[in-house]
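*Asks:* If you scroll down you'll find the structure; I have some questions about it.
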Amino acid sequence: MQKLLIKNIGGLVNVRETAPERVAGREMNELNVLHDAWMAVENGIIADFGTMENWPGISDWTGLEILDAEEGYIFPSWCDSHTHIVYAGSREGEFVDRINGLSYEDIAARGGGILNSAARLADAGEDELFESALRRLKEVIALGTGAIEIKSGYGLSLESELKMLRVISRLRSAVNIPVKATLLGAHAVPAAYKNDKDGYIRLITQELIPAVAAEKLADYCDVFCERNYFTPEETIHILETGLKYGLSPKVHANQLSASGGVQAGVKVGAVSVDHLEYVGDEEIAALLNSTTMPTLLPGAAFFLGLPWPPARKMIDAGLPVSVATDYNPGSSPTGNMNQMVSMLCITHRMTPNEAINAATLNAAAAMDLSATHGSITPGKVASFFITQPMPSVNYLPYSFGSNLVKEVWINGKKL
């Protein structure tokens with residue numbers, strides 16, 4: 001029986017005796033931090049916590065390991081609910097194209113963007129994709145991520161989409177954090193179906209979704225609902241088909257325009273709608289009457305030079321907000337959740353408390369992991385990271401260029 005007791009914790013962050021599934025509106029600014037604390041872990045599960053004034057009796061704990069946090073802060077692991085880390089090759093050429101004045105849509109019209117990645121992935125072997133994605137996955141875990149979602153979407157054919165999802169399945173077996181898989185066959189219309197979009201949608205709904213469900217390769221089904229990609233009506237049709245096969249819906253919504261993606265997601269009961277650069281009163285009203293989690297992807301907005309989502313307006317209206325990295329080769333080539341938390345504060349005018357809740361408790365909800373992740377709560381898994389000593393919890397987003405993560409623990413074991 002493994003027992004761990006951590007002492008001299010400068011601040012134990014997001015401590016909750018019983019944790020809600022999510023926090024919304026004003027509650028997003030409520031972040032319990034227990035100073036000068038200890039935490040007990042038993043068999044990979046958080047057992048108890050308290051202040052050093054009330055150091056627990058440990059005489060009955062045999063085989064006990066005691067760890068000194070040396071005044072570092074302990075955060076529950078970040079939860080990253082939106083990534084595309086299975087891909088072949090990089091796209092720094094498009095990065096330079098944007099510097100020289102081309103827009104994301106200009107590049108896509110020339111065969112770049114998603115279609116560029118799809119062409120490269122078609123030529124890549126499964127082992128090659130697995131090894132490169134595993135390196136990225138280990139990198140983000142070392143930065144504090146303790147649960148992650150990974151999408152397909154660079155396949156855009158039956159064979160290549162299944163190849164991506166099989167790689168994600170291998171990744172799930174290779175690491176000891178939860179890895180959620182999402183079918184994103186409707187990421188773009190492939191070149192082979194340029195003049196037959198309906199035919200490609202039939203491929204997704206009649207062949208791809210049933211094949212994915214038969215092999216149990218995905219938890220979610222996602223659609224890029226955007227002008228020049230998939231309409232709200234097409235989005236609803238694809239996601240309702242996914243639901244019939246047990247795939248919960250998610251939506252890439254309102255990234256480049258007021259696309260109707262938010263309303264489509266709410267209509268089908270999507271777990272989350274992600275991006276949200278173009279959100280107004282109508283979208284906020286729709287979300288307020290739903291259980292759908294609005295998820296911000298500041299890395300993509302920053303990298304592409306898009307408008308910032310109206311995060312402040314959304315929270316002030318009473319909505320919950322979560323955050324993810326959108327780690328991908330074209331529009332957000334980073335999986336650093338620490339950076340995302342800083343960006344929410346700096347560019348979205350969210351408080352550190354709100355940003356940390358967005359990256360932990362609400363991000364766990366965006367992956368259906370609220371029961372096990374997202375807070376320091378007895379009974380939840382002991383996945384957390386210990387920082388360098390800090391003067392306050394606000395210091396982590398303030399120090400946006402520094403890696404303050406000293407140690408990462410997953411399921412009660414040091415990385």
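Letters A, B, ... go to the chains of the structure tokens in the order shown; residues in each chain start at 1; ligands are counted from 1 in the same order.
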What's around Gly242 of chain A at 10 Å? Count only C-alpha atoms, leave out sequence neighbours fewer than 2 positions away in its own chain, and write the answer as number ranges by chain.
*Replies:* A: 183, 204-205, 208-210, 212-213, 219-222, 236-240, 244-249
*Asks:* Write out as a list in words each polymer residue whose atoms come within 9 Å of Ile45 of chain A, counting only C-alpha atoms; drop sequence neighbours fewer than 5 positions from it.
*Replies:*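 The filter keeps Ala40, Pro378, Gly379, Lys380, Val381, Ala382, Ser383, Asn411 and Gly412 of chain A.
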*Asks:* With only C-alpha atoms as the basis for distance, which of A:Val189, A:Leu12, A:Ala211, A:Leu306 is at the shortest distance from Phe224 of chain A?
*Replies:*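 Smallest distance to Phe224 of chain A is found for A:Val189.
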*Asks:* Applying 10 Å and only C-alpha atoms, which residues near segment 85-100 of chain A remain after dropping the ones on its own chain fewer than 4 positions away? List them as a ChimeraX atom specification.
*Replies:* /A:104,106-108,112-113,116-125,128-137,149-155,164-165,167-168,171,303-305,326-331,333-335
*Asks:* Please, which residues of segment 284-381 of chain A, numbered as in this document, come out alpha helix (DSSP H) from DSSP, as a PDB file with N, CA and C atoms, in the first residue's frame?
*Replies:*
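This went into part32.pdb:
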```
ATOM      1  N   ILE A 284     -24.322  33.898 -26.305  1.00  0.00           N
ATOM      2  CA  ILE A 284     -24.289  33.846 -24.841  1.00  0.00           C
ATOM      3  C   ILE A 284     -25.630  33.376 -24.289  1.00  0.00           C
ATOM      4  N   ALA A 285     -26.720  33.882 -24.853  1.00  0.00           N
ATOM      5  CA  ALA A 285     -28.053  33.473 -24.407  1.00  0.00           C
ATOM      6  C   ALA A 285     -28.267  31.980 -24.635  1.00  0.00           C
ATOM      7  N   ALA A 286     -27.820  31.482 -25.781  1.00  0.00           N
ATOM      8  CA  ALA A 286     -27.969  30.053 -26.072  1.00  0.00           C
ATOM      9  C   ALA A 286     -27.188  29.211 -25.070  1.00  0.00           C
ATOM     10  N   LEU A 287     -25.972  29.632 -24.749  1.00  0.00           N
ATOM     11  CA  LEU A 287     -25.129  28.883 -23.827  1.00  0.00           C
ATOM     12  C   LEU A 287     -25.674  28.918 -22.402  1.00  0.00           C
ATOM     13  N   LEU A 288     -26.288  30.018 -22.021  1.00  0.00           N
ATOM     14  CA  LEU A 288     -26.845  30.128 -20.668  1.00  0.00           C
ATOM     15  C   LEU A 288     -27.957  29.123 -20.418  1.00  0.00           C
ATOM     16  N   PRO A 298      -6.746  30.328 -26.529  1.00  0.00           N
ATOM     17  CA  PRO A 298      -6.000  31.573 -26.763  1.00  0.00           C
ATOM     18  C   PRO A 298      -4.750  31.401 -27.595  1.00  0.00           C
ATOM     19  N   GLY A 299      -4.164  30.202 -27.593  1.00  0.00           N
ATOM     20  CA  GLY A 299      -2.973  29.983 -28.410  1.00  0.00           C
ATOM     21  C   GLY A 299      -3.258  30.182 -29.881  1.00  0.00           C
ATOM     22  N   ALA A 300      -4.408  29.694 -30.346  1.00  0.00           N
ATOM     23  CA  ALA A 300      -4.765  29.823 -31.758  1.00  0.00           C
ATOM     24  C   ALA A 300      -5.096  31.265 -32.115  1.00  0.00           C
ATOM     25  N   ALA A 301      -5.868  31.935 -31.260  1.00  0.00           N
ATOM     26  CA  ALA A 301      -6.203  33.338 -31.538  1.00  0.00           C
ATOM     27  C   ALA A 301      -4.934  34.188 -31.593  1.00  0.00           C
ATOM     28  N   PHE A 302      -4.004  33.939 -30.682  1.00  0.00           N
ATOM     29  CA  PHE A 302      -2.740  34.685 -30.654  1.00  0.00           C
ATOM     30  C   PHE A 302      -1.920  34.406 -31.908  1.00  0.00           C
ATOM     31  N   PHE A 303      -1.769  33.128 -32.257  1.00  0.00           N
ATOM     32  CA  PHE A 303      -0.899  32.739 -33.357  1.00  0.00           C
ATOM     33  C   PHE A 303      -1.430  33.215 -34.705  1.00  0.00           C
ATOM     34  N   LEU A 304      -2.774  33.238 -34.848  1.00  0.00           N
ATOM     35  CA  LEU A 304      -3.386  33.642 -36.114  1.00  0.00           C
ATOM     36  C   LEU A 304      -3.749  35.124 -36.155  1.00  0.00           C
ATOM     37  N   ALA A 311     -14.310  36.941 -23.305  1.00  0.00           N
ATOM     38  CA  ALA A 311     -14.328  36.125 -22.087  1.00  0.00           C
ATOM     39  C   ALA A 311     -14.954  36.866 -20.915  1.00  0.00           C
ATOM     40  N   ARG A 312     -14.576  38.136 -20.756  1.00  0.00           N
ATOM     41  CA  ARG A 312     -15.085  38.913 -19.627  1.00  0.00           C
ATOM     42  C   ARG A 312     -16.617  39.023 -19.696  1.00  0.00           C
ATOM     43  N   LYS A 313     -17.120  39.286 -20.897  1.00  0.00           N
ATOM     44  CA  LYS A 313     -18.571  39.416 -21.073  1.00  0.00           C
ATOM     45  C   LYS A 313     -19.267  38.097 -20.798  1.00  0.00           C
ATOM     46  N   MET A 314     -18.666  37.004 -21.202  1.00  0.00           N
ATOM     47  CA  MET A 314     -19.270  35.687 -21.005  1.00  0.00           C
ATOM     48  C   MET A 314     -19.355  35.347 -19.513  1.00  0.00           C
ATOM     49  N   ILE A 315     -18.263  35.581 -18.796  1.00  0.00           N
ATOM     50  CA  ILE A 315     -18.254  35.274 -17.361  1.00  0.00           C
ATOM     51  C   ILE A 315     -19.215  36.192 -16.612  1.00  0.00           C
ATOM     52  N   ASP A 316     -19.184  37.478 -16.945  1.00  0.00           N
ATOM     53  CA  ASP A 316     -20.070  38.432 -16.273  1.00  0.00           C
ATOM     54  C   ASP A 316     -21.546  38.122 -16.529  1.00  0.00           C
ATOM     55  N   MET A 337       0.056  24.583 -21.110  1.00  0.00           N
ATOM     56  CA  MET A 337      -1.122  25.118 -20.431  1.00  0.00           C
ATOM     57  C   MET A 337      -0.781  26.271 -19.490  1.00  0.00           C
ATOM     58  N   ASN A 338       0.438  26.292 -18.955  1.00  0.00           N
ATOM     59  CA  ASN A 338       0.852  27.430 -18.134  1.00  0.00           C
ATOM     60  C   ASN A 338       0.769  28.727 -18.939  1.00  0.00           C
ATOM     61  N   GLN A 339       1.190  28.645 -20.191  1.00  0.00           N
ATOM     62  CA  GLN A 339       1.124  29.809 -21.076  1.00  0.00           C
ATOM     63  C   GLN A 339      -0.319  30.210 -21.346  1.00  0.00           C
ATOM     64  N   MET A 340      -1.213  29.223 -21.514  1.00  0.00           N
ATOM     65  CA  MET A 340      -2.622  29.530 -21.765  1.00  0.00           C
ATOM     66  C   MET A 340      -3.231  30.273 -20.578  1.00  0.00           C
ATOM     67  N   VAL A 341      -2.890  29.839 -19.352  1.00  0.00           N
ATOM     68  CA  VAL A 341      -3.407  30.502 -18.155  1.00  0.00           C
ATOM     69  C   VAL A 341      -2.940  31.955 -18.121  1.00  0.00           C
ATOM     70  N   SER A 342      -1.670  32.185 -18.440  1.00  0.00           N
ATOM     71  CA  SER A 342      -1.156  33.556 -18.487  1.00  0.00           C
ATOM     72  C   SER A 342      -1.881  34.387 -19.535  1.00  0.00           C
ATOM     73  N   MET A 343      -2.121  33.792 -20.707  1.00  0.00           N
ATOM     74  CA  MET A 343      -2.772  34.539 -21.782  1.00  0.00           C
ATOM     75  C   MET A 343      -4.200  34.917 -21.423  1.00  0.00           C
ATOM     76  N   LEU A 344      -4.912  34.044 -20.707  1.00  0.00           N
ATOM     77  CA  LEU A 344      -6.260  34.413 -20.281  1.00  0.00           C
ATOM     78  C   LEU A 344      -6.237  35.670 -19.415  1.00  0.00           C
ATOM     79  N   CYS A 345      -5.219  35.758 -18.572  1.00  0.00           N
ATOM     80  CA  CYS A 345      -5.112  36.938 -17.700  1.00  0.00           C
ATOM     81  C   CYS A 345      -4.689  38.181 -18.478  1.00  0.00           C
ATOM     82  N   ILE A 346      -3.706  38.027 -19.348  1.00  0.00           N
ATOM     83  CA  ILE A 346      -3.100  39.178 -20.017  1.00  0.00           C
ATOM     84  C   ILE A 346      -3.976  39.703 -21.150  1.00  0.00           C
ATOM     85  N   THR A 347      -4.529  38.802 -21.952  1.00  0.00           N
ATOM     86  CA  THR A 347      -5.250  39.228 -23.155  1.00  0.00           C
ATOM     87  C   THR A 347      -6.768  39.178 -23.007  1.00  0.00           C
ATOM     88  N   PRO A 352      -6.429  35.707 -12.238  1.00  0.00           N
ATOM     89  CA  PRO A 352      -5.727  34.432 -12.067  1.00  0.00           C
ATOM     90  C   PRO A 352      -6.636  33.333 -11.520  1.00  0.00           C
ATOM     91  N   ASN A 353      -7.505  33.670 -10.565  1.00  0.00           N
ATOM     92  CA  ASN A 353      -8.416  32.660 -10.025  1.00  0.00           C
ATOM     93  C   ASN A 353      -9.313  32.085 -11.117  1.00  0.00           C
ATOM     94  N   GLU A 354      -9.866  32.968 -11.947  1.00  0.00           N
ATOM     95  CA  GLU A 354     -10.737  32.507 -13.032  1.00  0.00           C
ATOM     96  C   GLU A 354      -9.972  31.648 -14.026  1.00  0.00           C
ATOM     97  N   ALA A 355      -8.769  32.076 -14.357  1.00  0.00           N
ATOM     98  CA  ALA A 355      -7.969  31.343 -15.344  1.00  0.00           C
ATOM     99  C   ALA A 355      -7.590  29.956 -14.835  1.00  0.00           C
ATOM    100  N   ILE A 356      -7.247  29.863 -13.555  1.00  0.00           N
ATOM    101  CA  ILE A 356      -6.869  28.558 -12.987  1.00  0.00           C
ATOM    102  C   ILE A 356      -8.080  27.634 -12.914  1.00  0.00           C
ATOM    103  N   ASN A 357      -9.232  28.161 -12.526  1.00  0.00           N
ATOM    104  CA  ASN A 357     -10.451  27.349 -12.564  1.00  0.00           C
ATOM    105  C   ASN A 357     -10.768  26.892 -13.986  1.00  0.00           C
ATOM    106  N   ALA A 358     -10.513  27.759 -14.967  1.00  0.00           N
ATOM    107  CA  ALA A 358     -10.770  27.410 -16.362  1.00  0.00           C
ATOM    108  C   ALA A 358      -9.887  26.268 -16.832  1.00  0.00           C
ATOM    109  N   ALA A 359      -8.662  26.198 -16.300  1.00  0.00           N
ATOM    110  CA  ALA A 359      -7.686  25.196 -16.740  1.00  0.00           C
ATOM    111  C   ALA A 359      -7.718  23.919 -15.916  1.00  0.00           C
ATOM    112  N   LEU A 361     -10.800  22.783 -13.033  1.00  0.00           N
ATOM    113  CA  LEU A 361     -12.137  22.250 -12.780  1.00  0.00           C
ATOM    114  C   LEU A 361     -13.009  22.284 -14.037  1.00  0.00           C
ATOM    115  N   ASN A 362     -13.082  23.436 -14.710  1.00  0.00           N
ATOM    116  CA  ASN A 362     -13.938  23.540 -15.887  1.00  0.00           C
ATOM    117  C   ASN A 362     -13.369  22.767 -17.071  1.00  0.00           C
ATOM    118  N   ALA A 363     -12.052  22.716 -17.176  1.00  0.00           N
ATOM    119  CA  ALA A 363     -11.435  21.944 -18.258  1.00  0.00           C
ATOM    120  C   ALA A 363     -11.681  20.457 -18.072  1.00  0.00           C
ATOM    121  N   ALA A 364     -11.710  20.000 -16.823  1.00  0.00           N
ATOM    122  CA  ALA A 364     -12.057  18.599 -16.561  1.00  0.00           C
ATOM    123  C   ALA A 364     -13.496  18.325 -17.001  1.00  0.00           C
ATOM    124  N   ALA A 365     -14.392  19.274 -16.740  1.00  0.00           N
ATOM    125  CA  ALA A 365     -15.789  19.114 -17.156  1.00  0.00           C
ATOM    126  C   ALA A 365     -15.915  19.023 -18.667  1.00  0.00           C
TER     127      ALA A 365
END
```
*Asks:* Name all residues at most 8 Å from Thr387 of chain A (count only C-alpha atoms; drop same-chain ones fewer than 2 positions away) and give them as an NGL selection string.
*Replies:* :A and (72-74 or 385 or 389-390 or 404-407)
*Asks:* Put those residues in a file: N, CA and C atoms, as a PDB file, in the first residue's frame.
*Replies:*
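File produced: result.pdb:
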```pdb
ATOM      1  N   GLY A  72       6.966  25.249  -2.149  1.00  0.00           N
ATOM      2  CA  GLY A  72       6.370  25.298  -3.481  1.00  0.00           C
ATOM      3  C   GLY A  72       4.858  25.158  -3.396  1.00  0.00           C
ATOM      4  N   TYR A  73       4.165  25.612  -4.427  1.00  0.00           N
ATOM      5  CA  TYR A  73       2.709  25.481  -4.491  1.00  0.00           C
ATOM      6  C   TYR A  73       2.351  24.159  -5.179  1.00  0.00           C
ATOM      7  N   ILE A  74       1.246  23.576  -4.781  1.00  0.00           N
ATOM      8  CA  ILE A  74       0.723  22.383  -5.452  1.00  0.00           C
ATOM      9  C   ILE A  74      -0.579  22.749  -6.159  1.00  0.00           C
ATOM     10  N   PHE A 385       1.023  19.017  -9.739  1.00  0.00           N
ATOM     11  CA  PHE A 385       2.420  19.426  -9.910  1.00  0.00           C
ATOM     12  C   PHE A 385       2.811  20.373  -8.792  1.00  0.00           C
ATOM     13  N   PRO A 389       9.221  27.620  -5.202  1.00  0.00           N
ATOM     14  CA  PRO A 389       8.611  28.526  -4.219  1.00  0.00           C
ATOM     15  C   PRO A 389       8.106  29.799  -4.893  1.00  0.00           C
ATOM     16  N   MET A 390       6.899  30.243  -4.525  1.00  0.00           N
ATOM     17  CA  MET A 390       6.287  31.418  -5.121  1.00  0.00           C
ATOM     18  C   MET A 390       5.709  32.296  -4.023  1.00  0.00           C
ATOM     19  N   LEU A 404       7.786  27.276 -14.038  1.00  0.00           N
ATOM     20  CA  LEU A 404       7.865  27.161 -12.587  1.00  0.00           C
ATOM     21  C   LEU A 404       7.538  25.760 -12.086  1.00  0.00           C
ATOM     22  N   VAL A 405       7.247  24.832 -12.999  1.00  0.00           N
ATOM     23  CA  VAL A 405       6.897  23.472 -12.599  1.00  0.00           C
ATOM     24  C   VAL A 405       8.155  22.724 -12.196  1.00  0.00           C
ATOM     25  N   LYS A 406       8.221  22.346 -10.929  1.00  0.00           N
ATOM     26  CA  LYS A 406       9.398  21.661 -10.384  1.00  0.00           C
ATOM     27  C   LYS A 406       9.260  20.144 -10.445  1.00  0.00           C
ATOM     28  N   GLU A 407       8.110  19.624 -10.048  1.00  0.00           N
ATOM     29  CA  GLU A 407       7.861  18.184 -10.064  1.00  0.00           C
ATOM     30  C   GLU A 407       6.438  17.916 -10.538  1.00  0.00           C
TER      31      GLU A 407
END
```
*Asks:* Can you list every residue in segment 226-298 of chain A that DSSP puts in strand (DSSP E or B), as a list in words?
*Replies:* Phe230, Ser248, Pro249, Lys250, Val251, His252, Ala253, Ser272, Val273, Asp274, His275, Met293, Pro294, Thr295 and Leu296 of chain A
*Asks:* Let me make sure I understand: among A:Ala317, A:Leu158, A:Ala181, A:Ala186, which one has the smallest atom-to-atom distance to Glu27 of chain A if we use only C-alpha atoms?
*Replies:*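 Answer, going by the shortest atom-to-atom distance: A:Ala317.
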*Asks:* Find the residue from A:Glu207, A:Glu233, A:Asp196, A:Glu65 that sits nearest to Asn43 of chain A; use only C-alpha atoms when measuring.
*Replies:*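 Comparing A:Glu207, A:Glu233, A:Asp196, A:Glu65 against Asn43 of chain A, the winner is A:Glu65.
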*Asks:* Quick one: everything within 10 Å of Asn8 of chain A, counting only C-alpha atoms, minus sequence neighbours fewer than 6 positions away in the same chain. Send it as a ChimeraX atom specification.
*Replies:* /A:35-39,51-52,67-73
*Asks:* By how many Å are atom CA of Ala218 of chain A and atom CA of Lys180 of chain A apart?
*Replies:*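 Atom CA of Ala218 of chain A sits 7.4 Å away from atom CA of Lys180 of chain A.
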*Asks:* So, with only C-alpha atoms as the atoms that count, which of A:Ala253, A:Asn54, A:Ala47, A:Ala264 lies closest to Thr295 of chain A?
*Replies:*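 Nearest to Thr295 of chain A: A:Ala253.
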*Asks:* Of the candidates A:Glu17, A:Glu126, A:Glu139, A:Glu53, which shows the shortest atom-to-atom distance to Glu161 of chain A, using only C-alpha atoms?
*Replies:*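 The closest residue to Glu161 of chain A is A:Glu126.
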*Asks:* Which residues are near Leu64 of chain A? Cut-off 8 Å, only C-alpha atoms, ignore same chain within fewer than 6 positions. Put them as a PyMOL selection string.
*Replies:* chain A and resi 2-5
*Asks:* Select, from A:Ile66, A:Met293, A:Ala324, A:Ala191, the residue with the minimum atom-to-atom distance to His84 of chain A, counting only C-alpha atoms.
*Replies:*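 Smallest distance to His84 of chain A is found for A:Ala324.
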